[in-house]
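Okay, start.txt is below, compact mmCIF, C-alpha atoms and all ligand atoms:
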```txt
# COMPACT_ATOMS: atom_id res chain seq x y z
CA MET A 1 -21.74 -25.69 -12.58
CA THR A 2 -21.88 -22.32 -10.88
CA LYS A 3 -21.74 -18.92 -12.52
CA TYR A 4 -18.93 -16.91 -10.89
CA LYS A 5 -18.62 -13.13 -11.05
CA LEU A 6 -14.99 -12.48 -11.87
CA GLU A 7 -13.87 -8.93 -11.12
CA TYR A 8 -10.70 -8.33 -13.15
CA ILE A 9 -8.78 -5.55 -11.39
CA TRP A 10 -5.77 -3.67 -12.79
CA LEU A 11 -3.75 -0.47 -12.48
CA ASP A 12 -4.26 2.08 -15.23
CA GLY A 13 -1.70 4.27 -17.00
CA TYR A 14 -2.17 7.48 -15.03
CA THR A 15 0.97 9.02 -13.53
CA PRO A 16 2.35 9.62 -11.01
CA VAL A 17 -0.35 7.55 -9.31
CA PRO A 18 -2.23 4.81 -11.15
CA ASN A 19 -5.94 4.34 -10.52
CA LEU A 20 -7.54 1.01 -9.81
CA ARG A 21 -9.88 -0.20 -12.56
CA GLY A 22 -12.15 -3.21 -12.67
CA LYS A 23 -14.72 -4.94 -14.80
CA THR A 24 -16.76 -8.09 -14.39
CA GLN A 25 -17.13 -11.17 -16.52
CA ILE A 26 -19.28 -14.19 -15.70
CA LYS A 27 -17.80 -17.67 -16.15
CA GLU A 28 -19.01 -21.10 -15.15
CA PHE A 29 -16.90 -23.35 -12.95
CA SER A 30 -17.70 -26.50 -11.01
CA ALA A 31 -15.99 -25.07 -7.91
CA PHE A 32 -14.13 -21.93 -6.85
CA PRO A 33 -11.63 -21.54 -9.72
CA ASP A 34 -7.85 -21.93 -9.48
CA LEU A 35 -5.75 -19.05 -10.77
CA ALA A 36 -4.83 -21.17 -13.80
CA ASP A 37 -8.53 -21.55 -14.68
CA LEU A 38 -8.93 -17.78 -15.15
CA PRO A 39 -8.55 -16.77 -18.79
CA LEU A 40 -6.71 -13.77 -20.19
CA TRP A 41 -9.09 -10.92 -20.91
CA GLY A 42 -8.86 -7.54 -22.63
CA PHE A 43 -9.88 -3.91 -22.29
CA ASP A 44 -9.73 -0.67 -24.23
CA GLY A 45 -6.44 0.94 -23.29
CA SER A 46 -7.35 4.21 -24.98
CA SER A 47 -9.69 4.94 -22.06
CA THR A 48 -7.09 4.29 -19.37
CA LEU A 49 -3.98 6.01 -20.79
CA GLN A 50 -2.66 2.60 -21.82
CA ALA A 51 -3.16 2.71 -25.58
CA GLU A 52 -0.07 2.15 -27.66
CA GLY A 53 -0.12 3.57 -31.17
CA HIS A 54 -3.07 2.40 -33.27
CA SER A 55 -3.92 -0.69 -31.32
CA SER A 56 -5.83 0.16 -28.18
CA ASP A 57 -6.38 -3.41 -27.00
CA CYS A 58 -4.57 -4.35 -23.82
CA VAL A 59 -4.53 -7.78 -22.24
CA LEU A 60 -5.37 -8.60 -18.62
CA LYS A 61 -3.37 -11.46 -17.16
CA PRO A 62 -4.63 -12.81 -13.83
CA VAL A 63 -1.80 -13.02 -11.29
CA ALA A 64 -3.61 -13.43 -7.95
CA HIS A 65 -7.18 -14.11 -6.92
CA TYR A 66 -9.32 -13.92 -3.79
CA PRO A 67 -12.91 -14.70 -2.88
CA ASP A 68 -15.01 -11.53 -3.16
CA PRO A 69 -16.99 -11.50 0.09
CA ALA A 70 -19.27 -8.67 -1.03
CA ARG A 71 -20.71 -10.70 -3.90
CA THR A 72 -22.41 -14.04 -4.20
CA ASN A 73 -19.95 -16.31 -6.05
CA GLY A 74 -17.59 -13.39 -6.52
CA VAL A 75 -13.86 -13.53 -7.28
CA LEU A 76 -11.42 -10.61 -7.06
CA VAL A 77 -8.85 -11.13 -9.81
CA MET A 78 -5.66 -9.06 -9.59
CA CYS A 79 -4.24 -8.64 -13.08
CA GLU A 80 -1.11 -7.45 -14.82
CA VAL A 81 -1.58 -5.41 -18.00
CA MET A 82 0.11 -7.00 -21.01
CA MET A 83 0.62 -6.02 -24.64
CA PRO A 84 -1.66 -7.66 -27.25
CA ASP A 85 0.78 -10.60 -27.55
CA GLY A 86 -0.22 -11.48 -23.98
CA LYS A 87 3.45 -11.95 -23.04
CA THR A 88 5.13 -8.53 -23.05
CA PRO A 89 4.35 -6.40 -20.00
CA HIS A 90 2.80 -3.02 -20.78
CA VAL A 91 5.01 -0.07 -19.73
CA SER A 92 2.53 0.76 -16.98
CA ASN A 93 2.91 -2.77 -15.58
CA LYS A 94 5.49 -2.33 -12.84
CA ARG A 95 4.69 -5.60 -11.08
CA ALA A 96 6.12 -7.66 -13.93
CA THR A 97 9.70 -6.59 -13.29
CA ILE A 98 9.99 -6.02 -9.54
CA LEU A 99 12.41 -7.86 -7.29
CA ASP A 100 10.83 -10.50 -5.10
CA ASP A 101 11.81 -13.00 -2.46
CA THR A 102 9.42 -14.93 -0.26
CA GLY A 103 11.96 -14.67 2.56
CA ALA A 104 11.51 -10.88 2.48
CA TRP A 105 8.55 -9.86 4.61
CA PHE A 106 6.73 -6.56 4.32
CA GLY A 107 4.27 -4.85 6.62
CA PHE A 108 2.65 -1.74 5.10
CA GLU A 109 0.83 0.77 7.28
CA GLN A 110 -1.67 2.47 4.98
CA GLU A 111 -2.91 5.83 6.20
CA TYR A 112 -5.71 7.70 4.41
CA PHE A 113 -8.47 10.27 4.93
CA PHE A 114 -12.18 9.79 4.49
CA TYR A 115 -13.47 12.72 2.42
CA LYS A 116 -17.01 13.97 2.06
CA ASN A 117 -18.14 17.14 0.27
CA GLY A 118 -14.52 18.00 -0.52
CA ARG A 119 -13.22 17.94 3.04
CA PRO A 120 -12.15 15.37 5.63
CA LEU A 121 -15.08 13.54 7.18
CA GLY A 122 -16.05 15.34 10.37
CA PHE A 123 -14.60 18.72 9.34
CA PRO A 124 -17.10 21.60 9.56
CA GLU A 125 -18.16 23.36 6.35
CA ALA A 126 -15.92 26.30 7.21
CA GLY A 127 -12.80 26.32 9.36
CA TYR A 128 -11.43 23.39 11.30
CA PRO A 129 -12.52 21.00 14.03
CA ALA A 130 -10.80 20.99 17.43
CA PRO A 131 -7.02 20.62 17.01
CA GLN A 132 -5.25 17.28 16.76
CA GLY A 133 -4.61 15.42 19.98
CA PRO A 134 -7.58 13.26 20.93
CA TYR A 135 -8.23 11.73 17.48
CA TYR A 136 -5.31 9.26 17.29
CA THR A 137 -6.62 5.88 18.53
CA GLY A 138 -9.57 7.86 19.86
CA VAL A 139 -13.02 6.70 20.81
CA GLY A 140 -16.31 8.53 21.10
CA TYR A 141 -18.52 10.47 18.70
CA LYS A 142 -16.70 13.77 19.12
CA ASN A 143 -13.43 12.13 18.11
CA VAL A 144 -14.41 9.72 15.34
CA GLY A 145 -17.91 10.71 14.31
CA GLU A 146 -20.77 8.31 13.64
CA ILE A 147 -19.86 6.45 10.47
CA ALA A 148 -16.08 6.09 10.10
CA ARG A 149 -15.71 3.18 12.49
CA GLN A 150 -18.53 1.27 10.83
CA ILE A 151 -16.75 1.56 7.47
CA VAL A 152 -13.38 0.62 8.92
CA GLU A 153 -14.89 -2.47 10.56
CA GLU A 154 -16.69 -3.49 7.36
CA HIS A 155 -13.47 -3.07 5.42
CA LEU A 156 -11.58 -5.19 7.93
CA ASP A 157 -14.18 -7.97 7.65
CA LEU A 158 -14.09 -7.83 3.83
CA CYS A 159 -10.30 -8.11 3.80
CA LEU A 160 -10.25 -11.01 6.26
CA ALA A 161 -12.98 -12.85 4.36
CA ALA A 162 -11.01 -12.36 1.14
CA GLY A 163 -8.01 -14.01 2.77
CA ILE A 164 -5.98 -10.81 2.85
CA ASN A 165 -3.45 -10.58 5.64
CA HIS A 166 -4.95 -7.48 7.25
CA GLU A 167 -3.22 -7.01 10.59
CA GLY A 168 -4.94 -4.13 12.30
CA ILE A 169 -6.58 -0.73 12.29
CA ASN A 170 -6.36 2.53 14.19
CA ALA A 171 -7.81 5.99 14.06
CA GLU A 172 -5.00 8.39 13.08
CA VAL A 173 -3.79 11.80 14.21
CA ALA A 174 -6.09 13.98 12.09
CA LYS A 175 -9.87 13.93 12.30
CA GLY A 176 -11.23 11.72 9.51
CA GLN A 177 -7.86 9.96 9.12
CA TRP A 178 -7.39 6.20 9.64
CA GLU A 179 -4.82 3.46 9.12
CA PHE A 180 -4.80 -0.23 8.35
CA GLN A 181 -1.86 -2.62 8.12
CA ILE A 182 -1.21 -5.37 5.61
CA PHE A 183 1.55 -7.95 6.08
CA GLY A 184 2.87 -10.34 3.45
CA LYS A 185 5.80 -12.62 2.71
CA GLY A 186 7.31 -11.53 -0.60
CA SER A 187 6.95 -8.21 -2.43
CA LYS A 188 4.31 -9.42 -4.83
CA LYS A 189 2.16 -11.07 -2.19
CA ALA A 190 2.24 -8.11 0.20
CA ALA A 191 1.74 -5.53 -2.56
CA ASP A 192 -1.06 -7.45 -4.33
CA GLU A 193 -2.92 -7.60 -1.03
CA MET A 194 -2.39 -3.89 -0.40
CA TRP A 195 -3.81 -2.99 -3.81
CA ILE A 196 -6.80 -5.29 -3.28
CA ALA A 197 -7.35 -3.81 0.21
CA ARG A 198 -7.33 -0.32 -1.34
CA TYR A 199 -9.79 -1.54 -3.98
CA LEU A 200 -12.14 -2.95 -1.34
CA LEU A 201 -12.03 0.30 0.64
CA LEU A 202 -12.78 2.44 -2.43
CA ARG A 203 -15.62 0.18 -3.50
CA LEU A 204 -17.09 -0.13 -0.02
CA THR A 205 -17.29 3.64 0.55
CA GLU A 206 -19.22 4.31 -2.69
CA LYS A 207 -22.51 3.58 -0.96
CA TYR A 208 -21.67 5.99 1.86
CA GLY A 209 -21.02 8.86 -0.55
CA ILE A 210 -17.49 9.00 0.87
CA ASP A 211 -14.19 9.17 -1.02
CA ILE A 212 -10.80 7.97 0.10
CA GLU A 213 -8.13 10.66 -0.10
CA PHE A 214 -4.75 8.98 -0.46
CA HIS A 215 -2.73 12.15 -1.03
CA CYS A 216 0.15 12.44 1.45
CA LYS A 217 -0.68 15.99 2.59
CA PRO A 218 -4.26 16.76 1.64
CA LEU A 219 -4.50 19.71 4.02
CA GLY A 220 -1.34 21.28 2.63
CA ASP A 221 1.11 23.33 4.65
CA THR A 222 -0.78 23.21 7.93
CA ASP A 223 -0.26 21.40 11.22
CA TRP A 224 -2.76 18.76 10.10
CA ASN A 225 -1.20 15.32 9.79
CA GLY A 226 -0.04 13.92 6.48
CA SER A 227 -0.53 10.32 5.38
CA GLY A 228 2.24 7.78 5.10
CA MET A 229 2.56 4.16 4.25
CA HIS A 230 5.42 3.09 6.50
CA ALA A 231 7.12 0.03 5.06
CA ASN A 232 8.30 -2.45 7.68
CA PHE A 233 10.68 -4.99 6.19
CA SER A 234 12.88 -7.92 7.08
CA THR A 235 14.79 -10.50 5.12
CA GLU A 236 15.62 -13.98 6.26
CA TYR A 237 19.21 -12.79 6.83
CA MET A 238 18.06 -9.80 8.90
CA ARG A 239 15.86 -12.03 11.04
CA THR A 240 18.30 -14.88 11.61
CA VAL A 241 21.87 -13.50 11.26
CA GLY A 242 21.81 -9.71 11.29
CA GLY A 243 24.36 -8.04 13.56
CA LYS A 244 25.46 -4.49 14.14
CA GLU A 245 28.06 -4.47 11.37
CA TYR A 246 25.59 -5.68 8.75
CA PHE A 247 22.97 -3.21 9.98
CA GLU A 248 25.40 -0.30 9.65
CA ALA A 249 26.41 -1.38 6.14
CA LEU A 250 22.73 -1.59 5.24
CA MET A 251 22.03 1.89 6.56
CA LYS A 252 24.99 3.25 4.58
CA GLU A 253 23.48 1.76 1.44
CA PHE A 254 20.08 3.32 2.19
CA ASP A 255 21.85 6.66 2.67
CA LYS A 256 23.53 6.30 -0.73
CA ASN A 257 20.20 5.67 -2.45
CA ILE A 258 17.98 8.46 -1.12
CA GLN A 259 16.98 9.59 -4.62
CA GLU A 260 16.08 6.08 -5.78
CA HIS A 261 13.89 5.54 -2.72
CA ILE A 262 12.16 8.92 -2.81
CA ALA A 263 11.47 8.42 -6.54
CA VAL A 264 9.13 5.51 -5.77
CA TYR A 265 7.94 6.44 -2.27
CA GLY A 266 4.94 8.40 -3.56
CA PRO A 267 4.44 11.86 -5.11
CA ASP A 268 4.64 15.18 -3.27
CA ASN A 269 6.58 13.63 -0.40
CA HIS A 270 8.47 16.91 0.12
CA MET A 271 5.15 18.32 1.37
CA ARG A 272 5.01 15.64 4.04
CA LEU A 273 8.64 14.84 4.89
CA THR A 274 9.49 18.30 6.16
CA GLY A 275 11.29 17.47 9.38
CA LYS A 276 8.24 18.47 11.40
CA HIS A 277 5.43 16.33 12.85
CA GLU A 278 7.44 13.12 13.41
CA THR A 279 8.99 13.12 9.93
CA ALA A 280 12.57 13.36 8.72
CA PRO A 281 13.34 15.77 5.86
CA TRP A 282 13.00 13.87 2.59
CA ASN A 283 16.51 14.74 1.36
CA LYS A 284 18.45 13.75 4.47
CA PHE A 285 18.68 10.11 5.51
CA SER A 286 18.66 9.24 9.21
CA TYR A 287 17.96 6.29 11.43
CA GLY A 288 17.41 5.89 15.13
CA VAL A 289 16.24 3.51 17.79
CA ALA A 290 12.52 4.03 18.41
CA ASP A 291 12.91 7.35 16.61
CA ARG A 292 9.71 8.38 14.87
CA GLY A 293 11.47 11.47 13.55
CA ALA A 294 13.97 9.39 11.54
CA SER A 295 13.82 8.08 7.98
CA ILE A 296 14.22 4.56 9.34
CA ARG A 297 13.00 3.66 12.80
CA VAL A 298 14.86 0.83 14.47
CA PRO A 299 12.54 -0.99 16.89
CA HIS A 300 13.84 -1.60 20.43
CA SER A 301 13.36 -5.32 19.80
CA PHE A 302 15.81 -5.16 16.89
CA VAL A 303 18.64 -3.86 19.06
CA ASN A 304 17.73 -6.06 22.02
CA ASN A 305 17.90 -9.15 19.78
CA GLY A 306 21.44 -8.35 18.62
CA TYR A 307 20.44 -6.24 15.62
CA LYS A 308 18.09 -8.86 14.27
CA GLY A 309 14.49 -8.46 13.13
CA TYR A 310 12.66 -5.85 11.07
CA LEU A 311 13.16 -2.17 10.32
CA GLU A 312 10.60 0.52 9.54
CA ASP A 313 11.16 2.84 6.58
CA ARG A 314 8.86 5.74 7.47
CA ARG A 315 9.30 7.62 4.20
CA PRO A 316 6.92 5.84 1.80
CA ASN A 317 3.66 7.73 1.56
CA SER A 318 0.02 6.83 1.29
CA GLN A 319 -0.02 7.13 -2.52
CA GLY A 320 3.09 5.04 -3.03
CA ASP A 321 3.01 1.91 -5.16
CA PRO A 322 3.79 -1.01 -2.83
CA TYR A 323 5.24 -3.04 -5.74
CA GLN A 324 7.91 -0.43 -6.40
CA ILE A 325 8.49 0.41 -2.73
CA ALA A 326 9.18 -3.23 -1.84
CA SER A 327 11.32 -3.73 -4.93
CA GLN A 328 13.50 -0.68 -4.21
CA ILE A 329 14.03 -1.81 -0.62
CA LEU A 330 15.16 -5.23 -1.90
CA LYS A 331 17.41 -3.60 -4.48
CA THR A 332 19.18 -1.59 -1.80
CA ILE A 333 19.48 -4.61 0.49
CA SER A 334 20.92 -6.63 -2.38
CA ALA A 335 23.74 -4.17 -2.86
CA VAL A 336 25.11 -5.12 0.55
CA PRO A 337 27.07 -8.32 -0.06
CA ALA A 338 26.19 -10.41 3.01
CA GLY A 339 22.51 -11.18 3.13
CA ALA A 340 21.73 -10.22 -0.46
CA VAL A 341 18.32 -11.55 -1.33
CA ALA A 342 16.53 -10.05 -4.25
CA LYS A 343 15.86 -12.17 -7.29
CA ALA A 344 14.67 -10.78 -10.59
CA ALA A 345 11.00 -11.52 -11.29
P1 LIG A 401 3.61 1.53 14.31
O1 LIG A 401 2.31 2.28 14.09
O2 LIG A 401 4.07 1.54 15.72
O3 LIG A 401 4.70 1.97 13.37
P2 LIG A 401 2.14 -0.86 13.34
O4 LIG A 401 1.71 -1.87 14.33
O5 LIG A 401 1.11 0.01 12.73
O6 LIG A 401 3.36 -0.02 13.99
O7 LIG A 401 2.86 -1.59 12.12
C1 LIG A 401 3.92 -2.47 12.30
C2 LIG A 401 4.04 -3.32 11.06
O8 LIG A 401 5.24 -4.08 11.12
C3 LIG A 401 2.91 -4.32 10.83
O9 LIG A 401 2.39 -4.14 9.54
C4 LIG A 401 3.62 -5.67 10.97
O10 LIG A 401 3.07 -6.63 10.13
C5 LIG A 401 5.01 -5.32 10.52
N1 LIG A 401 6.00 -6.31 10.94
C6 LIG A 401 6.10 -6.91 12.14
N2 LIG A 401 7.11 -7.81 12.15
C7 LIG A 401 7.68 -7.77 10.92
C8 LIG A 401 8.76 -8.46 10.28
N3 LIG A 401 9.49 -9.36 10.94
N4 LIG A 401 9.04 -8.16 8.98
C9 LIG A 401 8.34 -7.23 8.33
N5 LIG A 401 7.31 -6.55 8.88
C10 LIG A 401 6.97 -6.82 10.15
MN MN A 402 0.97 2.10 12.50
MN MN A 403 0.24 5.62 11.51
MN MN A 404 4.67 3.09 11.61
```
Represent the supplied structure as C-alpha cells.
Ligand code: ADP
Ligand code: MN
Ligand code: MN
Ligand code: MN
Amino acid sequence: MTKYKLEYIWLDGYTPVPNLRGKTQIKEFSAFPDLADLPLWGFDGSSTLQAEGHSSDCVLKPVAHYPDPARTNGVLVMCEVMMPDGKTPHVSNKRATILDDTGAWFGFEQEYFFYKNGRPLGFPEAGYPAPQGPYYTGVGYKNVGEIARQIVEEHLDLCLAAGINHEGINAEVAKGQWEFQIFGKGSKKAADEMWIARYLLLRLTEKYGIDIEFHCKPLGDTDWNGSGMHANFSTEYMRTVGGKEYFEALMKEFDKNIQEHIAVYGPDNHMRLTGKHETAPWNKFSYGVADRGASIRVPHSFVNNGYKGYLEDRRPNSQGDPYQIASQILKTISAVPAGAVAKAA
C-alpha cells in the first residue's frame, strides 16, 4: 500500500468570481486510485461563503482527478460542492447543471498578468515601462524579464505531467502578461482542466512571491492590454456538416442572446470590451472573417472549408468561469434547430 496525498480542490462561494480552495487528506491505495475510489469529504462552508443556515458542513464530491506532478504520490482531485445529503448541488456549484456534449470541443485562451508588489511584473515602481509593441511573443530580458518565462515553462510541464491538454503558451501584449491555451472535448472536461491549470499556476507562483492577476482590465482605462479568455468552439455538426446558412442562423442566435453571454463571460467586461484595442463593444454583437475586432472571429479555414470548423468567441474574459461559458455557448447553439447538441447534465 502507498500513502497518497489527495488534494481536494473546489470553487468557493465568492461572487462574482469564485476562488479556488484546496485541502489535503492522506489515503492508502495499492495503486494510483480510480475516481470511484476517492471518498466524499467535507469542509466548513462558513469560511468560504458556502454555509447554509445553521449547518455549515458542505460535502466535496470528486468529479475528476489528475496526478499531481509537484508532489510525491500526489493526486489533484477536482470536486463539486454538495449539500450535506451529498446529492443536492450547493447553489455555488455551477458545474452540476451545465450543458455538456463530448462532441462539442472547446479551446480556451487564458490570458493573465503576473503581479509583484501590487503591479505587473517588470513594471517600474513609478510610471510605466516602454509602451506595448515588443512584448507580444517577445524574447529577451528587456521584453520578458528574468523570471516570467521560467514560471511559464514550469507551469506548462506541470500541466502536461498532470495529463491536462495544455496546447501552448505565448507572451502577451502588455509587459508581465502571458497566455496559455487549454483544449478539451466536452464542456466539463475542458473547464475542469482550465480550473486545474489555474490552480497549478496559482500554487506554483507562491514560491516566487508572485500573484496571478486574472482581472480583465487590471490597468484600468489606459492603453494597456486587457485580459481575455477567448473561447474557441465547435460541435460535431459544425465540423462535419456546417454550411453558410447554418452559420448565419447560428450568428443570429448569438446576436439575440448578447445579455445571456455577457452575464457569464466574466465581470467588468465593459471595461475591456470597449471597441478599442482589438475588441468589439460588449453590447453590440458582430462577427467577421479573421476579424480580431469582432465579437466572434471566423477563421479563414472555416470559410475555406465551406463554413465548417470552429469559431472563436472573443468576448469571454480572463475571470470567466469556463463551465458557464461553455454551457451558454451550447445553449445558444441548441436553439438553432439543425445541429442542436446540448444535453442536460
Ligand atoms: P489565437 O491567439 O490566434 O486566437 P490560439 O492558438 O491562441 O489562437 O488559440 C486557438 C485555440 O483554438 C486553441 O485553444 C485550440 O485548441 C482551439 N481550437 C482549434 N481547433 C478547434 C476546434 N475544432 N474546436 C474547438 N477549438 C479549437
Ligand atoms: Mn491566443
Ligand atoms: Mn491572446
Ligand atoms: Mn484568440
List every residue of chain A that has an atom at most 6 Å from any atom of ligand LIG 401 (chain A), and for each one report the closest atom pair and its distance in Å to one decimal, counting only C-alpha atoms and all ligand atoms, with rows sorted by chain and then by increasing residue number, as a tab-separated table.
```
residue	atom	partner	partner_atom	distance
A:Trp105	CA	A:LIG401	C9	4.6
A:Phe106	CA	A:LIG401	C9	4.4
A:Gly107	CA	A:LIG401	O9	3.5
A:Phe108	CA	A:LIG401	O9	5.1
A:Glu109	CA	A:LIG401	O5	5.5
A:Gln181	CA	A:LIG401	O9	4.7
A:Ile182	CA	A:LIG401	O9	5.5
A:Phe183	CA	A:LIG401	O10	4.5
A:Asn232	CA	A:LIG401	N5	4.4
A:Phe233	CA	A:LIG401	C9	3.9
A:Ser234	CA	A:LIG401	N4	4.3
A:Gly309	CA	A:LIG401	N3	5.5
A:Tyr310	CA	A:LIG401	N3	4.7
```
Shortest interatomic distance to ligand MN 403 (chain A) - which of A:Ala190, A:Cys216, A:Val173, A:Ala326, counting all atoms listed in the file: A:Val173
Shell around Gly42 in chain A at 8 Å using only C-alpha atoms, local window under 2 positions removed, as a list in words: Leu40, Asp44, Asp57, Cys58, Val59 and Leu60 of chain A
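The coordinates place CA of Lys207 in chain A at 24.2 Å from CA of His65 in chain A.
Using all atoms listed in the file, the smallest distance between any of A:Leu6, A:Ala36, A:Ile169, A:Val17 and Asp268 in chain A comes from A:Val17.
Across the model, the gap from CA of Leu99 in chain A to CA of Ala280 in chain A is 26.6 Å.
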Within 10 Å of His300 in chain A using only C-alpha atoms, minus same-chain residues under 6 positions, as a ChimeraX atom specification: /A:288-291,307
All residues having an atom within 8 Å of ligand MN 402 (chain A) (all atoms listed in the file) as a ChimeraX atom specification: /A:109-110,170,179-181,230
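Near range 274-278 of chain A, within 8 Å and counting all atoms listed in the file, sit Asp223, Asn225, Arg292, Gly293 and Ala294 of chain A, not including residues fewer than 6 positions from it in the same chain.
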Selection: 10 Å around Tyr246 in chain A, all atoms listed in the file, excl. self and same-chain fewer than 2 positions, as a list of chain:residue names: A:Tyr237, A:Met238, A:Val241, A:Gly242, A:Gly243, A:Lys244, A:Glu248, A:Ala249, A:Leu250, A:Met251, A:Lys252, A:Tyr307, A:Lys308, A:Val336, A:Pro337, A:Ala338, A:Gly339
